[in-house]
Amino acid sequence: MRNRGTLSLHIPEPHNRPGDAPDFSNILIPPAGALERPPIDANARALSPYAYTLIRVLDAEGRAVGAWNPHLEPQALIKGLHDMMLTRAFDERMYRVQRQGKISFYVKSTGEEAVSVAAAHAVEASDMCFPAYRQQGFLIARGYPLIDMMCQCFSNVRDPIKGRQLPVMYSASSHNFFTVSGNLGTQFPQAVGWAMASAYKNDDRIAVSFIGDGTTAEGDFHHALNFAAVYRAPVVLNVVNNQWAISSFNGIACGEEATFAARAIGYGLPGLRVDGNDFLAVYAAEQWAAERARANLGATLIEHYTYRAEAHSTSDDPSRYRPTDEWQAWPLGDPVARLKQHLIHIGAWSEAEHQALSDEIATLTRETQREAETIGTLATGSRPAKATMFEDVYEEIPWHLQAQMKEAGV
Amino acid sequence: MRNRGTLSLHIPEPHNRPGDAPDFSNILIPPAGALERPPIDANARALSPYAYTLIRVLDAEGRAVGAWNPHLEPQALIKGLHDMMLTRAFDERMYRVQRQGKISFYVKSTGEEAVSVAAAHAVEASDMCFPAYRQQGFLIARGYPLIDMMCQCFSNVRDPIKGRQLPVMYSASSHNFFTVSGNLGTQFPQAVGWAMASAYKNDDRIAVSFIGDGTTAEGDFHHALNFAAVYRAPVVLNVVNNQWAISSFNGIACGEEATFAARAIGYGLPGLRVDGNDFLAVYAAEQWAAERARANLGATLIEHYTYRAEAHSTSDDPSRYRPTDEWQAWPLGDPVARLKQHLIHIGAWSEAEHQALSDEIATLTRETQREAETIGTLATGSRPAKATMFEDVYEEIPWHLQAQMKEAGV
Amino acid sequence: MTAMNMIQALNSALDVMLAKDPNVLVFGQDVGYFGGVFRATEGLQKKHGMTRCFDAPIAESGLVAVGIGMSVYGLRPVVEIQFADYIYPAYDQIVSEAARIRYRSGGDFHVPLTIRTPYGGGIYGGQTHSQSPEALFTHVTGLKTVVPSNPRDAKGLLISAIEDNDPVIFLEPKRLYSGPFDGYHDRPVQPWSKHGLSEVPDGYYSVPLGEAAVVREGSAVTVLCYGTMVHVALAAAEATGIDAEIIDLRTLIPLDIKAIVRSVQKTGRCVVAHEATQTSGYGAELSALVQEHCFYHLEAPVQRVTGWDTPYPHAFEWDYFPGPDRVAEGMRRALAS
Amino acid sequence: MTAMNMIQALNSALDVMLAKDPNVLVFGQDVGYFGGVFRATEGLQKKHGMTRCFDAPIAESGLVAVGIGMSVYGLRPVVEIQFADYIYPAYDQIVSEAARIRYRSGGDFHVPLTIRTPYGGGIYGGQTHSQSPEALFTHVTGLKTVVPSNPRDAKGLLISAIEDNDPVIFLEPKRLYSGPFDGYHDRPVQPWSKHGLSEVPDGYYSVPLGEAAVVREGSAVTVLCYGTMVHVALAAAEATGIDAEIIDLRTLIPLDIKAIVRSVQKTGRCVVAHEATQTSGYGAELSALVQEHCFYHLEAPVQRVTGWDTPYPHAFEWDYFPGPDRVAEGMRRALAS
Ligand SMILES: Cc1ncc(C[n+]2csc(CCOP(=O)(O)OP(=O)(O)O)c2C)c(N)n1
Ligand SMILES: Cc1ncc(C[n+]2csc(CCOP(=O)(O)OP(=O)(O)O)c2C)c(N)n1
Ligand SMILES: [Mg+2]
Ligand SMILES: [Mg+2]
């Protein structure tokens, strides 16, 4: 091997590591309300500038400004605030439950609540969601019973998925929410297949899917975009760019060189980049993409620019790889605080109402936890019957599993 | 399942099927020489228009025009013409050999010779090539012995790869040409890894890889672009868009919605689209990308717009799925004829010289065939010793393979 | 009844199911207008419409993923992987998703997906057109694995696979597409039309998954096999005159263990034959099961006759393929002691 | 010598090889600055430099492909797959490429790549953090498959794997990272420091691939096992007082058949134990081999003690895990007749 000193290998590194002061000065943030809202049948290529900017509606004063303002009724906004707050409170509670050793694992979505909740609000309840593992907000916004979510986390006898999966891996066909996979990325092209099926059946339902910034590196991401483009599948493909994939900043997933929304361009799909901490902007972009899909105009890729405020999971310690106070410095703020400010600004909300809602949610989650724990936790040994372990491998139990059941004494 | 008649599934179809008159009126062909040649350190995003046009140097009269003209010496042009003609003649001969039942399979590259040959000329002999199965022109241009290629096709006792693979699956480390895989696409990210290794060692060699338009749908394509972008690997990634993937037109691979060169944009890489039947344009684009890579500025994606003039392989019959006379109607012509016209135009070549070269090549390939057949064909039973079948699974033969050798009587 | 070769029988199964169930659709590389590189989908697009049978990008993982999504919607997709050698890019979607969705969702979702793919050697396809990867699926809980050996079974089993509510890997021995190849590569192969099992009902019928067929009764030794090897084993029995009982497993998972045990208890000797490489092949599972279930009936070790533990080398097609001589040798070894 | 747990031993192996050979480099998800989710690469980036140990995108197939390309250049890459459950996206690059390149090129190229990945259950990881996919590699000719069971072997085998000129799948039993877990989940696990095989040489040494270790001599029954199950089998022998001979295979391919035959010929009885699901697991191959090589010495059927043929269910961790009671039961069955 020669060594002529010309080339060198580039290893991307984030701007800040533990010990550094957080610094987001490299992030360009256009003012809220600056962008046009193109018609839903706009030509994809003409939309490419939307992949390099940020659709923003809420300004620093809490005003909703510009063409992307979805002009939601106050009641709808309050519902959005409620669902985000409930998601955050649920996360807090389950995190503590994990710290108490009552569940094995947990994943919070703190700081990213607007993405899942606003998306859930912008599409129809009959639209099918293929989530990653950080979309609890979507399920909560659809009104899935909190008790069922908790029982899943506890793997207890009322766990709807019979103790089969780690906490947070919900499955809720009743709420058009696909079974969460531990394998990253696989859901993205599946959503496209579901959407193709809906089109095949001349249905009017669309699919919505979510993927993390880190996971866009998987082949599944490419397959999803490619099949969606080829068959013009009615699907909204969301990238949640929360800056981190466990300890890897998004430059490792290729966010240094281009935006994730820009990936859409090469497939001839619209790619929108959205302030992911702006409930109204997320709602508006999702609504635009859903209308486009439902009008048989095909798929849209939306990059939600946000920040993972907490650890990756309860198995993670982010202070080992990033400044601990990064979230405080995050220039797009907190989605809950921003929507609250907006509601107060338009006179539809008050600090007192906010406190009341907060208390109500605290009570609800606390009491639901109590109820769930009464049913049982992994520690109390409340589980589905052992025999269920052998069910659902196939529709019917084949002889070899029956023999194993016998051997297992069930 | 509801059926509200809104959505419908789009299945892409080519413009023409058997029985239709060929029609390429939908293809936009900019005039030769129209485009600027940007500096090699140009910003990738600024280059995005190059993904939607065609870099062309040779005009209809055979003149080399515009900023992309690489200004090659006549001798270099004649070498290019020679290598393309030799590739075509070799293909013709091996095709006939297959039809005579002397080899099991063959793949021609007719009509696409400029892509492989000009690329081979534009990079250094020490640069590493990770080819698809239709890059025989690259190997020929590097001066790999024709006799070794033929012996590979015959799987005879002098087959350098010991009868292990189908015809055309060459391997030539001596010529920096990686072993061809029957599995599509796998070589593309491997080339990126090789390039990363070269950068890691502060070497100055770069990697070059080729993939078919159809194969860009594989996850490997995405992995290649993504790793190349993240680590700024010194690699030239070539998509050979010959319009077809067996019976599927490139709309099935997503060529309807966008160009293949445009895929680069989403990764922050330059994407160039080139008249693949224009030897000078291919050379120039490849040279630009190679210089950029060698200057440690990272990867480039080049889409070569060309046409697969013949059947996919000897197992294929294209008259079943496309108009038989499509190639005649192909607006970018024949790369051999175009380079010949240019050479004549600049006074460096004549019909007589052309005929002489043609005859010389015919003799060479005929005599090489005779020599190879004397060594043996699959039919004559000339093969490496049967015991070699058990070699090279591992560096050393483990006990279980030794036991099987014994059982096989070798 | 019509005399069909295997491709025609498979085509007929797809045709029948497309007509019967609007939720059935077929896609894969080159399967639409062209009708597939082996012609298994010929005419289906024209007859049933563009959206019922169509071409797909070269992305096996995408194909399977999209098929899973369609299954979740409520369709019964049939996906073609052009060669089994090219199924590996889809392995994650098959193993982590198709096979696991029913279980991981507690039965909330399931995946009635059929993956058809030609497998096996004997066509000078070299190492990337000849592989037999069945053991890579039999190890995966949640998958069913089916291998037909003749036109009648091919159609009936494919219909069962499509109607099954679990994902099925349907491996088609491509060497049998045109005739019941018995491994005598230097003799002319008879066409299917001369074979009894080429008489195929025209309409709908099914052959249940999980039932083996005794294709030759015998008392000296049991041969467990599937796909092309069924015909090779028959030829070996004929050539040697050994009174072998030959069992065509037809479905590898779920396996017809009763048929196996019944036979081995009778013969006391067993040969397992497959084209796949030996180590960790499905033959290992069969051998283990036979000795677990029939240990005290076994008079000799279970013999494995398989492809060598090398890739399938192009120039050594017939040295690699476990032909009748090798199966005969296996039977002799089983009888020797 | 230093007392190391398994993670420290693996870290030491990487450290030693990074220092010894400039062609060695290490990459994978979260392995760079952070040092890996299991801390196996902790400190290596800081010590050896950014380009020697770095983070990679979440694209297992890309990781392996890039590792292959680097191998072709002449490097010896060590790739980490974060959990073995996530290796399937890379399956095509492993099977069709890494494993085949030497063969298909007639020896013109080869791939000295090591793929490290934590596998196995016992950590309440649920079905996507607990799998044991070894049989999916042992069936693939061209791959070597290694499974250490203690710190000393872990370091020595990993060094051998890195120095090997063929691709090696290096499966790390994650339940053993911190201590020699014996399957008694309700008892405290002793730390490695109390175990003899935690005494690890600080510098370079190697344990050859293909050699098993007899970790307990005995005459009543042979137990074939690897990884976590080695400690489970030892516990079962202790608990029952059965005089088992326990063989830690260490390398599954190439297998130390001599050690196996020698032992089974002595004991006449055999139990095969692994965490992976049973059907088509590596235990099937071991069972088949034992009966092929030792048929006339066997006094009872080879017993398989394995994970059930279901995914690994989160709430049923200890019902699924084949603990000492099940191994003991297997030994008793082997001794029963
Ligand atoms: C196929 C696969 N590879 C690796 C992992 C391990 N893993 C779990 S989460 C994670 C990071 C994902 O990051 P991102 O996609 O950005 O999502 P986020 O956690 O930020 O929501 C990794 C590497 C996995 N679960 N599946
Ligand atoms: C992974 C994989 N899938 C499918 C195939 C079968 N196959 C061989 S060539 C081919 C078409 C390739 O088309 P393209 O990439 O456009 O290359 P071209 O033949 O036009 O040069 C297909 C589908 C394969 N060899 N490998
Ligand atoms: Mg992330
Ligand atoms: Mg093509």
# chains A, B, ... in the order shown; residues from 1 in each chain; ligands from 1
$ residues_around --residues "segment 68-79 of chain B" --least-positions-apart "5" --cutoff "12 Å" --atoms "only C-alpha atoms" --output "number ranges by chain"
B: 32-39, 54-59, 63, 84-86, 114, 117-118, 120-122, 140-143, 274-275, 278-288, 336, 338-350, 353-354, 357
$ interface_residues --of "chain B" --to "chain D" --cutoff "6 Å" --atoms "only C-alpha atoms" --output "compact mmCIF listing (two decimals) with N, CA and C atoms, in the first residue's frame"
# COMPACT_ATOMS: atom_id res chain seq x y z
N ILE B 161 -10.78 -17.79 -12.66
CA ILE B 161 -11.57 -17.98 -11.44
C ILE B 161 -12.04 -19.44 -11.31
N LYS B 162 -11.30 -20.34 -11.98
CA LYS B 162 -11.43 -21.77 -11.72
C LYS B 162 -12.83 -22.34 -11.95
N ARG B 164 -15.70 -21.14 -11.42
CA ARG B 164 -16.62 -20.94 -10.30
C ARG B 164 -17.87 -20.15 -10.65
N SER B 171 -12.80 -11.50 -12.64
CA SER B 171 -12.13 -10.98 -11.46
C SER B 171 -10.69 -10.73 -11.86
N THR B 179 -13.96 -8.57 -8.41
CA THR B 179 -14.73 -9.74 -8.82
C THR B 179 -16.21 -9.40 -8.99
N PRO B 189 -21.68 0.02 -2.48
CA PRO B 189 -21.14 0.46 -1.18
C PRO B 189 -19.77 -0.13 -0.88
N GLN B 190 -19.43 -1.25 -1.46
CA GLN B 190 -18.08 -1.80 -1.27
C GLN B 190 -17.05 -0.83 -1.85
N ALA B 191 -17.36 -0.27 -2.99
CA ALA B 191 -16.45 0.71 -3.60
C ALA B 191 -16.22 1.88 -2.64
N GLY B 193 -16.36 1.73 0.59
CA GLY B 193 -15.47 1.24 1.64
C GLY B 193 -14.02 1.22 1.20
N TRP B 194 -13.80 0.79 -0.04
CA TRP B 194 -12.43 0.78 -0.57
C TRP B 194 -11.88 2.21 -0.59
N ALA B 197 -10.96 3.36 2.73
CA ALA B 197 -9.68 2.76 3.13
C ALA B 197 -8.51 3.52 2.52
N HIS B 223 -27.02 3.09 0.58
CA HIS B 223 -25.89 2.98 1.51
C HIS B 223 -24.63 3.57 0.90
N ASP B 392 -10.70 -22.59 -1.70
CA ASP B 392 -11.08 -21.16 -1.66
C ASP B 392 -12.42 -20.90 -0.98
N VAL B 393 -13.01 -21.93 -0.37
CA VAL B 393 -14.16 -21.62 0.48
C VAL B 393 -13.61 -20.86 1.69
N TYR B 394 -12.50 -21.42 2.20
CA TYR B 394 -11.72 -20.75 3.24
C TYR B 394 -10.27 -20.72 2.77
$ interface_residues --of "chain C" --to "chain D" --cutoff "7 Å" --atoms "only C-alpha atoms" --output "PyMOL selection string"
chain C and resi 88-89+91-92+135-136+138-139+141+279-282+284-285+287-288+291-292+295+301-302+309-311
$ residues_around --residues "segment 252-258 of chain A" --least-positions-apart "2" --cutoff "6 Å" --atoms "only C-alpha atoms" --output "PyMOL selection string"
(chain A and resi 214+217+250) or (chain B and resi 230+267-268) or (chain D and resi 57)
$ residues_near_ligand --ligand "ligand 2" --cutoff "6 Å" --atoms "only C-alpha atoms and all ligand atoms" --output "VMD selection string"
(chain B and resid 134 182 to 184 212 to 215 242 244 to 246 312) or (chain C and resid 58 82 86)
$ write_last_selection --atoms "N, CA and C atoms" --output "CSV table (one decimal), in the first residue's frame"
chain,number,residue,atom,x,y,z
B,134,ARG,N,-21.8,-5.5,-16.7
B,134,ARG,CA,-21.8,-5.0,-18.1
B,134,ARG,C,-20.6,-4.1,-18.3
B,182,GLY,N,-22.9,-11.8,-9.0
B,182,GLY,CA,-24.3,-12.0,-9.6
B,182,GLY,C,-25.4,-11.3,-8.9
B,183,ASN,N,-25.1,-10.9,-7.7
B,183,ASN,CA,-26.1,-10.2,-6.9
B,183,ASN,C,-26.0,-8.7,-7.2
B,184,LEU,N,-27.0,-8.2,-7.7
B,184,LEU,CA,-27.0,-6.8,-8.1
B,184,LEU,C,-26.7,-5.8,-7.0
B,212,GLY,N,-26.5,-0.4,-12.6
B,212,GLY,CA,-27.5,-0.2,-13.6
B,212,GLY,C,-28.6,0.6,-13.1
B,213,ASP,N,-29.4,1.2,-14.0
B,213,ASP,CA,-30.5,2.1,-13.6
B,213,ASP,C,-31.5,1.3,-12.7
B,214,GLY,N,-31.8,0.0,-13.1
B,214,GLY,CA,-32.7,-0.8,-12.4
B,214,GLY,C,-32.2,-1.0,-11.0
B,215,THR,N,-31.0,-1.2,-10.9
B,215,THR,CA,-30.4,-1.6,-9.6
B,215,THR,C,-30.3,-0.5,-8.6
B,242,ASN,N,-29.4,2.7,-19.0
B,242,ASN,CA,-29.6,2.2,-20.4
B,242,ASN,C,-31.0,1.9,-20.6
B,244,TRP,N,-33.4,0.2,-19.6
B,244,TRP,CA,-34.0,-1.1,-19.3
B,244,TRP,C,-33.3,-1.9,-18.2
B,245,ALA,N,-34.1,-2.6,-17.5
B,245,ALA,CA,-33.7,-3.6,-16.5
B,245,ALA,C,-34.4,-4.9,-16.9
B,246,ILE,N,-33.8,-5.7,-17.6
B,246,ILE,CA,-34.5,-6.8,-18.3
B,246,ILE,C,-35.7,-6.2,-19.0
B,312,HIS,N,-31.1,-8.2,-22.9
B,312,HIS,CA,-30.5,-8.1,-21.5
B,312,HIS,C,-29.4,-9.1,-21.4
C,58,ILE,N,-36.1,-3.3,-8.5
C,58,ILE,CA,-35.1,-4.3,-8.1
C,58,ILE,C,-34.7,-3.9,-6.7
C,82,GLN,N,-37.0,-13.1,-8.0
C,82,GLN,CA,-36.7,-13.7,-9.3
C,82,GLN,C,-35.9,-15.0,-9.2
C,86,TYR,N,-31.5,-14.3,-4.6
C,86,TYR,CA,-31.6,-12.8,-4.4
C,86,TYR,C,-32.6,-12.5,-3.3
$ interface_residues --of "chain A" --to "chain B" --cutoff "6 Å" --atoms "only C-alpha atoms" --output "NGL selection string"
:A and (2-11 or 199-200 or 202-204 or 219 or 230-231 or 254 or 257-258 or 262-263 or 266-268 or 296)
$ atom_distance --atom1 "atom CA of Val78 of chain D" --atom2 "atom CA of Asp182 of chain D"
29.1 Å
$ select_by_dssp --residues "segment 312-389 of chain B" --states "helix (DSSP H, G or I)" --output "number ranges by chain"
B: 318-320, 326-329, 335-345, 351-375, 386-389
$ atom_distance --atom1 "atom CA of Ala315 of chain D" --atom2 "atom CA of Leu224 of chain D"
28.2 Å
$ select_by_dssp --residues "segment 119-235 of chain A" --states "strand (DSSP E or B)" --output "PyMOL selection string"
chain A and resi 128-130+172+177+207-212+235
$ atom_distance --atom1 "atom CA of Arg262 of chain D" --atom2 "atom CA of Ala334 of chain D"
17.5 Å
$ residues_around --residues "Arg326 of chain C" --least-positions-apart "5" --cutoff "12 Å" --atoms "only C-alpha atoms" --output "JSON, numbers by chain"
{"B": [407, 408, 409], "C": [183, 184, 229, 232, 233, 235, 236, 237, 239, 240, 271, 272, 273, 274, 275, 303, 304, 305, 306, 307, 308, 318, 319, 320, 321, 331, 332, 333]}
$ closest_residue --among "B:Met169, B:Leu301, B:Val123, B:Leu272" --to "Pro49 of chain B" --atoms "only C-alpha atoms"
B:Leu272
